[in-house]
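J.: Dropping in entry_25.txt, with compact mmCIF, C-alpha atoms.
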```
# COMPACT_ATOMS: atom_id res chain seq x y z
CA MET E 1 -39.84 -6.48 -60.64
CA ALA E 2 -40.89 -4.10 -63.39
CA ASP E 3 -40.86 -0.42 -64.14
CA SER E 4 -44.58 -0.56 -64.89
CA ASP E 5 -45.28 -1.95 -61.41
CA ILE E 6 -43.38 0.88 -59.76
CA LYS E 7 -45.22 3.45 -61.84
CA ALA E 8 -48.55 1.82 -61.02
CA MET E 9 -47.82 2.30 -57.32
CA THR E 10 -48.20 6.03 -57.85
CA ALA E 11 -51.66 5.75 -59.39
CA ASN E 12 -53.48 6.41 -56.15
CA LEU E 13 -51.21 9.13 -54.81
CA ASP E 14 -52.82 12.50 -54.45
CA ALA E 15 -51.45 14.93 -56.98
CA VAL E 16 -51.12 18.63 -56.35
CA GLU E 17 -53.66 20.40 -58.48
CA PHE E 18 -53.53 24.12 -59.23
CA ASP E 19 -56.67 26.17 -59.80
CA GLU E 20 -54.83 28.35 -62.26
CA THR E 21 -51.83 27.61 -64.44
CA ALA E 22 -49.18 30.28 -64.19
CA PHE E 23 -47.69 30.96 -67.58
CA THR E 24 -44.63 33.02 -68.41
CA GLU E 25 -44.04 34.08 -71.97
CA PRO E 26 -40.50 32.88 -72.77
CA VAL E 27 -37.84 34.97 -74.40
CA PRO E 28 -36.64 33.52 -77.72
CA LEU E 29 -34.76 30.29 -77.03
CA SER E 30 -31.71 31.49 -78.95
CA GLU E 31 -31.43 34.40 -76.51
CA ALA E 32 -32.35 32.54 -73.34
CA LYS E 33 -30.16 31.57 -70.43
CA VAL E 34 -31.22 28.02 -69.57
CA ALA E 35 -30.90 26.22 -66.23
CA ILE E 36 -31.75 22.70 -65.17
CA VAL E 37 -33.82 22.02 -62.07
CA THR E 38 -34.03 18.37 -61.11
CA SER E 39 -35.88 16.47 -58.43
CA ALA E 40 -33.14 13.83 -58.42
CA SER E 41 -31.59 15.01 -55.13
CA LEU E 42 -28.25 15.61 -56.80
CA HIS E 43 -25.54 17.43 -54.92
CA HIS E 44 -21.81 17.94 -54.96
CA PRO E 45 -19.90 15.48 -52.75
CA ASP E 46 -18.89 18.14 -50.25
CA ASP E 47 -22.36 19.62 -49.96
CA GLU E 48 -24.90 18.54 -47.39
CA ASP E 49 -26.66 15.30 -48.25
CA PHE E 50 -30.44 15.34 -48.49
CA SER E 51 -32.36 14.17 -45.43
CA PRO E 52 -35.37 11.83 -45.85
CA MET E 53 -38.01 14.56 -46.14
CA ASP E 54 -35.73 17.39 -47.16
CA THR E 55 -37.67 20.22 -48.74
CA GLY E 56 -34.66 22.40 -49.48
CA TYR E 57 -32.54 22.62 -52.59
CA ARG E 58 -28.88 22.29 -53.45
CA VAL E 59 -27.03 24.45 -55.96
CA LEU E 60 -25.27 22.54 -58.74
CA GLN E 61 -22.36 24.23 -60.44
CA SER E 62 -21.95 23.89 -64.20
CA GLU E 63 -18.21 23.98 -63.90
CA THR E 64 -17.75 21.10 -61.47
CA ARG E 65 -19.65 18.06 -62.69
CA ASP E 66 -19.01 15.71 -59.80
CA TYR E 67 -22.71 15.36 -58.98
CA VAL E 68 -23.78 12.46 -56.77
CA MET E 69 -27.23 10.97 -56.29
CA GLY E 70 -28.65 11.73 -52.86
CA HIS E 71 -32.17 10.44 -53.41
CA TRP E 72 -33.75 8.30 -50.67
CA SER E 73 -36.22 6.48 -52.88
CA PRO E 74 -35.25 2.99 -54.06
CA ASN E 75 -37.89 3.21 -56.77
CA PHE E 76 -35.86 4.18 -59.81
CA ASP E 77 -32.92 2.90 -61.81
CA ALA E 78 -29.68 4.65 -60.86
CA THR E 79 -27.33 2.98 -63.32
CA GLY E 80 -28.31 5.31 -66.14
CA PHE E 81 -27.07 8.28 -64.14
CA ALA E 82 -23.98 6.32 -63.04
CA LEU E 83 -23.08 5.72 -66.68
CA ASP E 84 -23.94 9.18 -67.99
CA ILE E 85 -25.01 12.18 -65.93
CA ASN E 86 -26.88 13.51 -68.95
CA THR E 87 -29.46 10.75 -68.55
CA VAL E 88 -30.83 12.83 -65.67
CA PHE E 89 -29.01 16.14 -65.84
CA PRO E 90 -28.30 16.99 -69.49
CA ILE E 91 -25.66 19.62 -68.87
CA ASP E 92 -23.36 18.47 -71.68
CA ARG E 93 -26.29 18.58 -74.10
CA LEU E 94 -27.09 22.16 -73.07
CA ASP E 95 -23.46 23.13 -73.66
CA GLU E 96 -23.72 21.71 -77.17
CA LEU E 97 -26.97 23.57 -77.83
CA ALA E 98 -25.36 26.81 -76.66
CA ALA E 99 -22.36 26.22 -78.93
CA GLN E 100 -24.76 25.69 -81.82
CA GLY E 101 -26.67 28.84 -80.98
CA VAL E 102 -29.89 26.95 -80.34
CA ILE E 103 -30.04 28.35 -76.83
CA GLY E 104 -28.52 31.61 -75.72
CA SER E 105 -26.39 30.32 -72.86
CA VAL E 106 -26.20 27.79 -70.05
CA ALA E 107 -26.58 28.99 -66.48
CA ASP E 108 -23.55 28.70 -64.24
CA GLU E 109 -25.72 27.35 -61.44
CA HIS E 110 -28.62 24.91 -61.38
CA LEU E 111 -30.82 23.46 -58.66
CA ALA E 112 -31.68 20.06 -57.25
CA TYR E 113 -34.63 19.27 -55.03
CA ALA E 114 -35.66 15.97 -53.46
CA GLY E 115 -38.53 14.31 -55.24
CA ASN E 116 -40.81 11.67 -53.75
CA GLN E 117 -42.28 14.19 -51.31
CA PHE E 118 -45.75 13.73 -49.90
CA GLU E 119 -46.02 17.06 -48.08
CA LEU E 120 -45.32 19.87 -50.49
CA SER E 121 -46.43 22.95 -48.59
CA ALA E 122 -42.86 23.91 -47.60
CA ILE E 123 -41.72 23.66 -51.21
CA ARG E 124 -44.75 25.61 -52.46
CA MET E 125 -44.41 28.35 -49.88
CA ASP E 126 -40.70 28.50 -49.19
CA SER E 127 -37.98 26.64 -51.07
CA GLY E 128 -39.73 26.69 -54.44
CA PRO E 129 -40.10 30.48 -54.62
CA ALA E 130 -36.63 30.87 -53.06
CA GLY E 131 -35.11 28.70 -55.78
CA ALA E 132 -36.90 30.65 -58.48
CA LYS E 133 -35.65 33.91 -56.99
CA PHE E 134 -32.11 32.52 -56.89
CA LEU E 135 -32.24 31.62 -60.57
CA LYS E 136 -33.86 34.95 -61.51
CA GLU E 137 -30.94 36.70 -59.88
CA GLN E 138 -28.62 34.68 -62.12
CA GLY E 139 -30.53 35.94 -65.14
CA VAL E 140 -32.11 32.58 -65.95
CA ASP E 141 -34.92 32.80 -68.48
CA ILE E 142 -35.90 29.18 -69.02
CA VAL E 143 -35.78 26.14 -66.74
CA LEU E 144 -35.76 22.53 -67.86
CA LEU E 145 -37.25 20.33 -65.15
CA THR E 146 -36.12 16.72 -64.93
CA PRO E 147 -37.34 13.97 -62.58
CA VAL E 148 -36.02 10.52 -61.77
CA MET M 1 -41.34 18.11 -60.36
CA SER M 2 -44.40 19.52 -62.06
CA THR M 3 -45.27 21.41 -58.89
CA LEU M 4 -42.04 23.35 -59.23
CA ALA M 5 -43.02 24.29 -62.78
CA HIS M 6 -46.09 26.14 -61.47
CA ILE M 7 -44.01 27.88 -58.82
CA PHE M 8 -41.24 28.94 -61.19
CA GLU M 9 -43.67 30.22 -63.80
CA ALA M 10 -45.43 32.29 -61.16
CA GLU M 11 -42.05 33.84 -60.37
CA GLY M 12 -41.49 34.75 -64.03
CA ILE M 13 -39.37 31.89 -65.34
CA ALA M 14 -40.63 29.88 -68.29
CA THR M 15 -40.37 26.12 -67.77
CA VAL M 16 -40.52 22.84 -69.62
CA ALA M 17 -41.11 19.79 -67.44
CA LEU M 18 -40.22 16.25 -68.39
CA GLY M 19 -42.28 13.53 -66.74
CA SER M 20 -41.90 9.77 -66.59
CA ILE M 21 -45.25 8.92 -64.96
CA LYS M 22 -48.22 9.89 -67.06
CA ASN M 23 -50.89 10.21 -64.40
CA GLN M 24 -48.63 12.44 -62.30
CA ILE M 25 -47.71 14.91 -65.01
CA GLU M 26 -51.28 14.96 -66.31
CA SER M 27 -52.73 15.61 -62.86
CA THR M 28 -50.31 18.30 -61.82
CA ALA M 29 -50.49 19.79 -65.31
CA PRO M 30 -47.37 21.95 -65.56
CA PRO M 31 -47.57 24.80 -68.06
CA ARG M 32 -45.47 22.83 -70.53
CA GLY M 33 -45.27 19.12 -69.81
CA LEU M 34 -43.70 16.40 -71.92
CA TRP M 35 -44.46 12.84 -70.87
CA CYS M 36 -41.67 10.52 -71.90
CA ASP M 37 -42.53 6.88 -71.34
CA PHE M 38 -39.03 5.95 -70.27
CA PRO M 39 -37.96 3.87 -67.27
CA LEU M 40 -37.87 5.69 -63.95
CA GLY M 41 -34.44 7.20 -63.39
CA ARG M 42 -33.77 7.86 -67.06
CA PRO M 43 -35.77 10.98 -67.99
CA LEU M 44 -33.56 11.69 -71.02
CA GLY M 45 -33.93 8.11 -72.17
CA VAL M 46 -30.67 6.47 -73.13
CA PRO M 47 -27.36 6.88 -71.31
CA GLY M 48 -24.43 7.56 -73.57
CA ASP M 49 -26.61 8.44 -76.57
CA PRO M 50 -26.31 12.20 -77.19
CA GLU M 51 -28.41 12.00 -80.36
CA PHE M 52 -31.33 10.45 -78.49
CA GLN M 53 -31.01 12.95 -75.66
CA HIS M 54 -30.88 15.88 -78.08
CA ARG M 55 -34.07 14.74 -79.76
CA VAL M 56 -35.86 14.67 -76.40
CA LEU M 57 -34.59 18.16 -75.63
CA ALA M 58 -35.59 19.47 -79.05
CA THR M 59 -39.12 18.19 -78.53
CA ALA M 60 -39.25 19.74 -75.08
CA PHE M 61 -37.94 23.12 -76.19
CA GLU M 62 -40.37 23.20 -79.14
CA MET M 63 -43.14 23.44 -76.57
CA LEU M 64 -41.90 26.91 -75.66
CA GLN M 65 -43.47 28.12 -78.90
CA SER M 66 -46.95 27.32 -77.64
CA PRO M 67 -48.90 30.47 -76.70
CA GLU M 68 -50.75 28.58 -73.97
CA PRO M 69 -50.22 25.66 -71.57
CA ILE M 70 -49.47 22.46 -73.42
CA PHE M 71 -49.10 18.75 -72.66
CA ALA M 72 -47.52 16.31 -75.09
CA GLU M 73 -46.47 12.69 -75.24
CA TYR M 74 -43.04 11.87 -76.60
CA ASP M 75 -43.26 9.66 -79.67
CA VAL M 76 -40.69 7.08 -78.61
CA ILE M 77 -41.28 4.60 -75.79
CA ILE M 78 -38.49 2.78 -74.01
CA PRO M 79 -40.08 -0.33 -72.53
CA ASP M 80 -38.73 -2.20 -69.56
CA ASP M 81 -38.54 -5.75 -70.86
CA GLU M 82 -38.83 -6.91 -67.24
CA SER M 83 -36.48 -9.78 -67.91
CA GLU M 84 -32.96 -8.56 -68.60
CA VAL M 85 -30.65 -9.35 -65.76
CA LEU M 86 -27.02 -8.38 -65.85
CA ALA M 87 -24.81 -11.36 -66.49
CA CYS M 88 -21.86 -10.66 -64.28
CA PRO M 89 -19.00 -13.06 -63.67
CA MET M 90 -18.90 -13.43 -59.90
CA PRO M 91 -15.74 -13.77 -57.87
CA PRO M 92 -14.97 -17.28 -56.56
CA ARG M 93 -15.19 -17.99 -52.87
CA HIS M 94 -12.07 -16.68 -51.20
CA ASP M 95 -12.68 -16.87 -47.47
CA PRO M 96 -14.70 -19.97 -46.52
CA ASP M 97 -15.04 -18.67 -42.98
CA ALA M 98 -16.85 -15.50 -44.08
CA HIS M 99 -20.56 -15.33 -44.76
CA PRO M 100 -21.05 -15.89 -48.51
CA ALA M 101 -22.44 -12.37 -48.93
CA VAL M 102 -19.47 -10.82 -47.17
CA ASP M 103 -17.01 -12.89 -49.17
CA GLU M 104 -18.85 -11.91 -52.35
CA ALA M 105 -18.81 -8.21 -51.51
CA ASN M 106 -15.11 -8.29 -50.76
CA GLY M 107 -14.47 -10.12 -54.02
CA LEU M 108 -16.29 -7.42 -55.98
CA ARG M 109 -14.09 -4.63 -54.63
CA PRO M 110 -11.67 -4.58 -57.62
CA ALA M 111 -14.58 -4.29 -60.04
CA TYR M 112 -16.09 -1.51 -57.93
CA GLU M 113 -12.82 0.41 -57.97
CA ARG M 114 -12.52 0.01 -61.74
CA ALA M 115 -16.03 1.40 -62.20
CA ILE M 116 -15.34 4.32 -59.88
CA ALA M 117 -12.16 5.11 -61.81
CA LYS M 118 -14.07 5.06 -65.09
CA TYR M 119 -17.37 6.72 -64.17
CA GLY M 120 -16.81 8.39 -60.80
CA ASN M 121 -18.77 7.60 -57.66
CA ARG M 122 -22.22 8.85 -58.59
CA VAL M 123 -24.47 6.24 -56.99
CA GLY M 124 -22.09 3.92 -55.16
CA ALA M 125 -21.25 3.65 -51.49
CA GLY M 126 -20.73 6.70 -49.31
CA ARG M 127 -24.15 8.02 -48.29
CA ALA M 128 -24.40 6.12 -45.00
CA VAL M 129 -21.68 3.51 -45.42
CA GLN M 130 -18.20 4.09 -46.75
CA VAL M 131 -16.92 1.51 -49.17
CA ASP M 132 -14.55 0.00 -46.61
CA ASP M 133 -17.53 -0.71 -44.35
CA ILE M 134 -19.84 -2.38 -46.87
CA ALA M 135 -18.98 -5.84 -45.56
CA THR M 136 -19.69 -4.72 -42.01
CA ALA M 137 -23.08 -3.41 -43.10
CA ILE M 138 -23.90 -6.71 -44.78
CA GLU M 139 -22.93 -8.58 -41.62
CA ALA M 140 -25.41 -6.43 -39.68
CA PHE M 141 -28.20 -7.36 -42.07
CA VAL M 142 -27.19 -11.03 -41.76
CA ARG M 143 -27.82 -10.72 -38.02
CA VAL M 144 -31.22 -9.15 -38.66
CA ALA M 145 -32.12 -11.96 -41.05
CA GLU M 146 -31.14 -14.44 -38.38
CA GLY M 147 -33.46 -12.87 -35.82
CA THR M 148 -31.61 -10.04 -34.13
CA SER M 149 -33.63 -6.86 -33.71
CA TRP M 150 -32.55 -4.29 -36.28
CA LYS M 151 -31.93 -1.84 -33.43
CA GLU M 152 -29.41 -4.21 -31.88
CA ALA M 153 -27.78 -5.56 -35.01
CA GLY M 154 -25.26 -2.78 -35.51
CA ILE M 155 -26.70 -1.44 -38.77
CA PRO M 156 -24.51 1.60 -39.47
CA GLY M 157 -27.34 4.00 -40.25
CA ILE M 158 -30.97 4.11 -41.28
CA PRO M 159 -31.67 0.66 -42.81
CA SER M 160 -33.01 1.99 -46.11
CA ARG M 161 -29.98 4.23 -46.62
CA VAL M 162 -27.59 1.43 -45.71
CA SER M 163 -29.38 -0.91 -48.10
CA GLN M 164 -29.15 1.77 -50.77
CA ASP M 165 -25.38 1.97 -50.32
CA ILE M 166 -25.00 -1.80 -50.60
CA ARG M 167 -27.15 -1.82 -53.74
CA GLY M 168 -25.17 1.11 -55.13
CA TYR M 169 -21.90 -0.69 -54.41
CA TYR M 170 -23.07 -3.75 -56.30
CA GLU M 171 -24.66 -1.89 -59.22
CA THR M 172 -21.54 0.21 -59.61
CA ALA M 173 -19.32 -2.88 -59.57
CA ALA M 174 -21.60 -4.43 -62.17
CA LEU M 175 -20.84 -1.61 -64.59
CA ALA M 176 -17.25 -2.85 -64.69
CA LEU M 177 -18.28 -6.48 -64.98
CA SER M 178 -20.87 -6.14 -67.72
CA ASP M 179 -19.86 -5.97 -71.37
CA HIS M 180 -22.61 -3.47 -72.25
CA ALA M 181 -24.58 -0.60 -70.77
CA PRO M 182 -27.36 -2.29 -68.84
CA SER M 183 -30.99 -1.53 -69.48
CA ALA M 184 -32.88 0.11 -66.64
CA TRP M 185 -33.44 -2.14 -63.63
CA ALA M 186 -31.18 -4.91 -64.99
CA GLY M 187 -28.61 -4.13 -62.33
CA THR M 188 -31.24 -4.03 -59.60
CA ARG M 189 -32.70 -7.36 -60.64
CA TRP M 190 -29.21 -8.84 -60.64
CA PHE M 191 -28.46 -7.49 -57.18
CA LEU M 192 -31.72 -8.55 -55.56
CA ASP M 193 -32.18 -11.91 -57.22
CA HIS M 194 -28.73 -13.18 -58.09
CA THR M 195 -26.32 -12.02 -55.43
CA GLU M 196 -25.80 -13.25 -51.90
CA ALA M 197 -25.92 -9.70 -50.55
CA GLY M 198 -29.22 -9.02 -52.29
CA LYS M 199 -30.68 -12.13 -50.70
CA VAL M 200 -29.43 -10.98 -47.29
CA VAL M 201 -31.00 -7.54 -47.69
CA MET M 202 -34.32 -9.05 -48.72
CA ALA M 203 -34.21 -11.58 -45.88
CA ALA M 204 -33.48 -8.84 -43.36
CA ARG M 205 -36.32 -6.75 -44.78
CA GLN M 206 -38.70 -9.69 -44.47
CA ALA M 207 -37.55 -10.40 -40.92
CA MET M 208 -38.24 -6.79 -39.95
CA ALA M 209 -41.68 -6.94 -41.55
CA ASP M 210 -42.47 -10.22 -39.79
CA ALA M 211 -41.36 -8.70 -36.48
CA GLY M 212 -43.95 -5.97 -36.90
CA GLU M 213 -41.51 -3.12 -37.27
CA ASN M 214 -42.86 0.14 -38.62
CA ASN M 215 -43.34 -0.08 -42.36
CA PRO M 216 -41.08 2.83 -43.39
CA ILE M 217 -38.15 1.29 -41.51
CA TRP M 218 -38.02 -1.80 -43.72
CA PHE M 219 -40.18 -1.07 -46.77
CA TYR M 220 -37.73 1.31 -48.44
CA MET M 221 -34.87 -1.15 -48.23
CA ALA M 222 -35.93 -2.39 -51.66
CA PRO M 223 -38.10 -1.14 -54.53
CA GLY M 224 -41.72 -0.89 -53.55
CA ASP M 225 -43.01 -3.69 -55.76
CA ARG M 226 -40.93 -6.19 -53.80
```
Could you show the structure in this file as structure tokens?
T.:
Amino acid sequence: MADSDIKAMTANLDAVEFDETAFTEPVPLSEAKVAIVTSASLHHPDDEDFSPMDTGYRVLQSETRDYVMGHWSPNFDATGFALDINTVFPIDRLDELAAQGVIGSVADEHLAYAGNQFELSAIRMDSGPAGAKFLKEQGVDIVLLTPV
Amino acid sequence: MSTLAHIFEAEGIATVALGSIKNQIESTAPPRGLWCDFPLGRPLGVPGDPEFQHRVLATAFEMLQSPEPIFAEYDVIIPDDESEVLACPMPPRHDPDAHPAVDEANGLRPAYERAIAKYGNRVGAGRAVQVDDIATAIEAFVRVAEGTSWKEAGIPGIPSRVSQDIRGYYETAALALSDHAPSAWAGTRWFLDHTEAGKVVMAARQAMADAGENNPIWFYMAPGDR
């Protein structure tokens, strides 16, 4: 078993292609509120687990870092996250960057979606825009997207 | 992941997307995409290495200075050596009447609890099978491997999720048994190839495949290249 073999399995999957690339001019990083959005299916233990083809999102609090992995795919290493949440969700690193003044602040709330989806229309039309709206309402300027 | 970048940008939030699979991040082409050739599951690279993680973040955030969409490749590769297997001291046989996999799982419980106490339960049991029921879940897969239909074997949940909990139980226990942070996949290779429970899961998966069960029912019980 090898990482390269797993990655090669994705070679023939259809990728979503966009006719136009939306592009938002960022505010200066040192003034920006930064959030993490991950496709790692993370959630808090008491929140609803992800279902196999779950297209929704879960809100991850900065304050309570008891995140658990709810992903259904067996096709990634989970021990890195088990050892150090920052391997997937670099919340401690963002705190350090905020303390250094590199970024303006860290959002209080972040989002997790379920990756490994083959039908993305619900995310494109519904939960994706809803998640963006949620973060906009929190004053988020910049999002760091992390996969697994 | 990269799809969300397009959506968020359209809603007025600037994004930087990390990607672990080159063809995916190139095809979906997020406005700012950084391909990091790291093992799947470790997008920031190295657990427990803040300096490494900060360098990845610095490279990602530098892309925000680009006045137009940009794609870049991170300049450090973390290869999967495809050979490291965790070397874990296994518990001796305790109950000769129990199936070897069940006896093994029970013997690993102290190590599992030590790992949970140290790291928290991030990927261990609890999605479909609580830790106290791991042995029961393994017994169900033993019955499948021996020819019982998976629907009649008493599997306590969807087989792939149950298998995931067993794997998570073992890989979490291994964190307490290993003397170093394992490289990516080393724990999975150990579980699948060197433990009795891993052999049971793979045998059950093969039995379901041989019985003509629907592919998604058994395929996701193990990584897809198995």
J.: Find the residues of chain M in contact range of chain E, meaning any atom within 7 Å when counting only C-alpha atoms, and list them as number ranges by chain.
T.: M: 1, 3-4, 6-19, 21, 23-24, 27-28, 31, 39-48, 54, 64, 80, 82, 119, 122-123, 161, 171, 184-185, 220, 222-226
J.: Record the distance separating atom CA of Ser20 of chain M and atom CA of Ser183 of chain M, expressed in Å with one decimal.
T.: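 That distance, rounded to one decimal, is 16.0 Å.
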J.: Counting only C-alpha atoms, which residues sit no farther than 6 Å from the position (-46.5, 16.8, -71.4) in the file's frame? I'd like them as JSON, numbers by chain.
T.: {"M": [33, 34, 35, 71, 72, 73]}
J.: So how many Å separate atom CA of Gln164 of chain M and atom CA of Ile134 of chain M, to one decimal?
T.: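 Going from atom CA of Gln164 of chain M over to atom CA of Ile134 of chain M, I get 10.9 Å.
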J.: Using all atoms listed in the file, which of the listed residues (M:Arg32, M:Asp179, M:Ile116, M:Ala204) sits closest to Pro67 of chain M?
T.: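 Residue with the minimum atom-to-atom distance to Pro67 of chain M: M:Arg32.
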J.: List every residue of segment 58-149 of chain M that has an atom at most 10 Å from any atom of segment 188-202 of chain M, giving for each one its closest atom pair and the distance in Å to one decimal, counting all atoms listed in the file, sorted by chain and then by ascending residue number, as JSON lines.
T.:
```
{"residue": "M:Glu82", "atom": "CA", "partner": "M:Arg189", "partner_atom": "CA", "distance": 9.0}
{"residue": "M:Ser83", "atom": "CA", "partner": "M:Arg189", "partner_atom": "CA", "distance": 8.5}
{"residue": "M:Glu84", "atom": "CA", "partner": "M:Arg189", "partner_atom": "CA", "distance": 8.1}
{"residue": "M:Val85", "atom": "CA", "partner": "M:Trp190", "partner_atom": "CA", "distance": 5.3}
{"residue": "M:Leu86", "atom": "CA", "partner": "M:Trp190", "partner_atom": "CA", "distance": 5.7}
{"residue": "M:Ala87", "atom": "CA", "partner": "M:Trp190", "partner_atom": "CA", "distance": 7.7}
{"residue": "M:Cys88", "atom": "CA", "partner": "M:Trp190", "partner_atom": "CA", "distance": 8.4}
{"residue": "M:Met90", "atom": "CA", "partner": "M:Thr195", "partner_atom": "CA", "distance": 8.8}
{"residue": "M:His99", "atom": "CA", "partner": "M:Glu196", "partner_atom": "CA", "distance": 9.1}
{"residue": "M:Pro100", "atom": "CA", "partner": "M:Glu196", "partner_atom": "CA", "distance": 6.4}
{"residue": "M:Ala101", "atom": "CA", "partner": "M:Glu196", "partner_atom": "CA", "distance": 4.6}
{"residue": "M:Val102", "atom": "CA", "partner": "M:Ala197", "partner_atom": "CA", "distance": 7.4}
{"residue": "M:Asp103", "atom": "CA", "partner": "M:Glu196", "partner_atom": "CA", "distance": 9.2}
{"residue": "M:Glu104", "atom": "CA", "partner": "M:Glu196", "partner_atom": "CA", "distance": 7.1}
{"residue": "M:Ala105", "atom": "CA", "partner": "M:Ala197", "partner_atom": "CA", "distance": 7.3}
{"residue": "M:Ala135", "atom": "CA", "partner": "M:Ala197", "partner_atom": "CA", "distance": 9.4}
{"residue": "M:Ile138", "atom": "CA", "partner": "M:Ala197", "partner_atom": "CA", "distance": 6.8}
{"residue": "M:Glu139", "atom": "CA", "partner": "M:Val200", "partner_atom": "CA", "distance": 9.0}
{"residue": "M:Ala140", "atom": "CA", "partner": "M:Val200", "partner_atom": "CA", "distance": 9.7}
{"residue": "M:Phe141", "atom": "CA", "partner": "M:Val201", "partner_atom": "CA", "distance": 6.3}
{"residue": "M:Val142", "atom": "CA", "partner": "M:Val200", "partner_atom": "CA", "distance": 6.0}
{"residue": "M:Arg143", "atom": "CA", "partner": "M:Val200", "partner_atom": "CA", "distance": 9.4}
{"residue": "M:Val144", "atom": "CA", "partner": "M:Val200", "partner_atom": "CA", "distance": 9.0}
{"residue": "M:Ala145", "atom": "CA", "partner": "M:Val200", "partner_atom": "CA", "distance": 6.9}
{"residue": "M:Glu146", "atom": "CA", "partner": "M:Val200", "partner_atom": "CA", "distance": 9.7}
```
J.: Could you turn the residues from that selection into a file that holds C-alpha atoms, as a PDB file, keeping the file's coordinate frame?
T.:
```
ATOM      1  CA  GLU M  82     -38.830  -6.910 -67.240  1.00  0.00           C
ATOM      2  CA  SER M  83     -36.480  -9.780 -67.910  1.00  0.00           C
ATOM      3  CA  GLU M  84     -32.960  -8.560 -68.600  1.00  0.00           C
ATOM      4  CA  VAL M  85     -30.650  -9.350 -65.760  1.00  0.00           C
ATOM      5  CA  LEU M  86     -27.020  -8.380 -65.850  1.00  0.00           C
ATOM      6  CA  ALA M  87     -24.810 -11.360 -66.490  1.00  0.00           C
ATOM      7  CA  CYS M  88     -21.860 -10.660 -64.280  1.00  0.00           C
ATOM      8  CA  MET M  90     -18.900 -13.430 -59.900  1.00  0.00           C
ATOM      9  CA  HIS M  99     -20.560 -15.330 -44.760  1.00  0.00           C
ATOM     10  CA  PRO M 100     -21.050 -15.890 -48.510  1.00  0.00           C
ATOM     11  CA  ALA M 101     -22.440 -12.370 -48.930  1.00  0.00           C
ATOM     12  CA  VAL M 102     -19.470 -10.820 -47.170  1.00  0.00           C
ATOM     13  CA  ASP M 103     -17.010 -12.890 -49.170  1.00  0.00           C
ATOM     14  CA  GLU M 104     -18.850 -11.910 -52.350  1.00  0.00           C
ATOM     15  CA  ALA M 105     -18.810  -8.210 -51.510  1.00  0.00           C
ATOM     16  CA  ALA M 135     -18.980  -5.840 -45.560  1.00  0.00           C
ATOM     17  CA  ILE M 138     -23.900  -6.710 -44.780  1.00  0.00           C
ATOM     18  CA  GLU M 139     -22.930  -8.580 -41.620  1.00  0.00           C
ATOM     19  CA  ALA M 140     -25.410  -6.430 -39.680  1.00  0.00           C
ATOM     20  CA  PHE M 141     -28.200  -7.360 -42.070  1.00  0.00           C
ATOM     21  CA  VAL M 142     -27.190 -11.030 -41.760  1.00  0.00           C
ATOM     22  CA  ARG M 143     -27.820 -10.720 -38.020  1.00  0.00           C
ATOM     23  CA  VAL M 144     -31.220  -9.150 -38.660  1.00  0.00           C
ATOM     24  CA  ALA M 145     -32.120 -11.960 -41.050  1.00  0.00           C
ATOM     25  CA  GLU M 146     -31.140 -14.440 -38.380  1.00  0.00           C
TER      26      GLU M 146
END
```
J.: Quick one: axis-aligned box around all listed atoms of segment 93-111 of chain M, 6 Å on every side, centre and edge lengths in Å to one decimal, written as JSON.
T.:
```
{"center_x": -17.1, "center_y": -12.1, "center_z": -51.5, "size_x": 22.8, "size_y": 27.7, "size_z": 29.1}
```
J.: How many Å separate atom CA of Val106 of chain E from atom CA of Val56 of chain M?
T.: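 Calculated distance between atom CA of Val106 of chain E and atom CA of Val56 of chain M is 17.5 Å.
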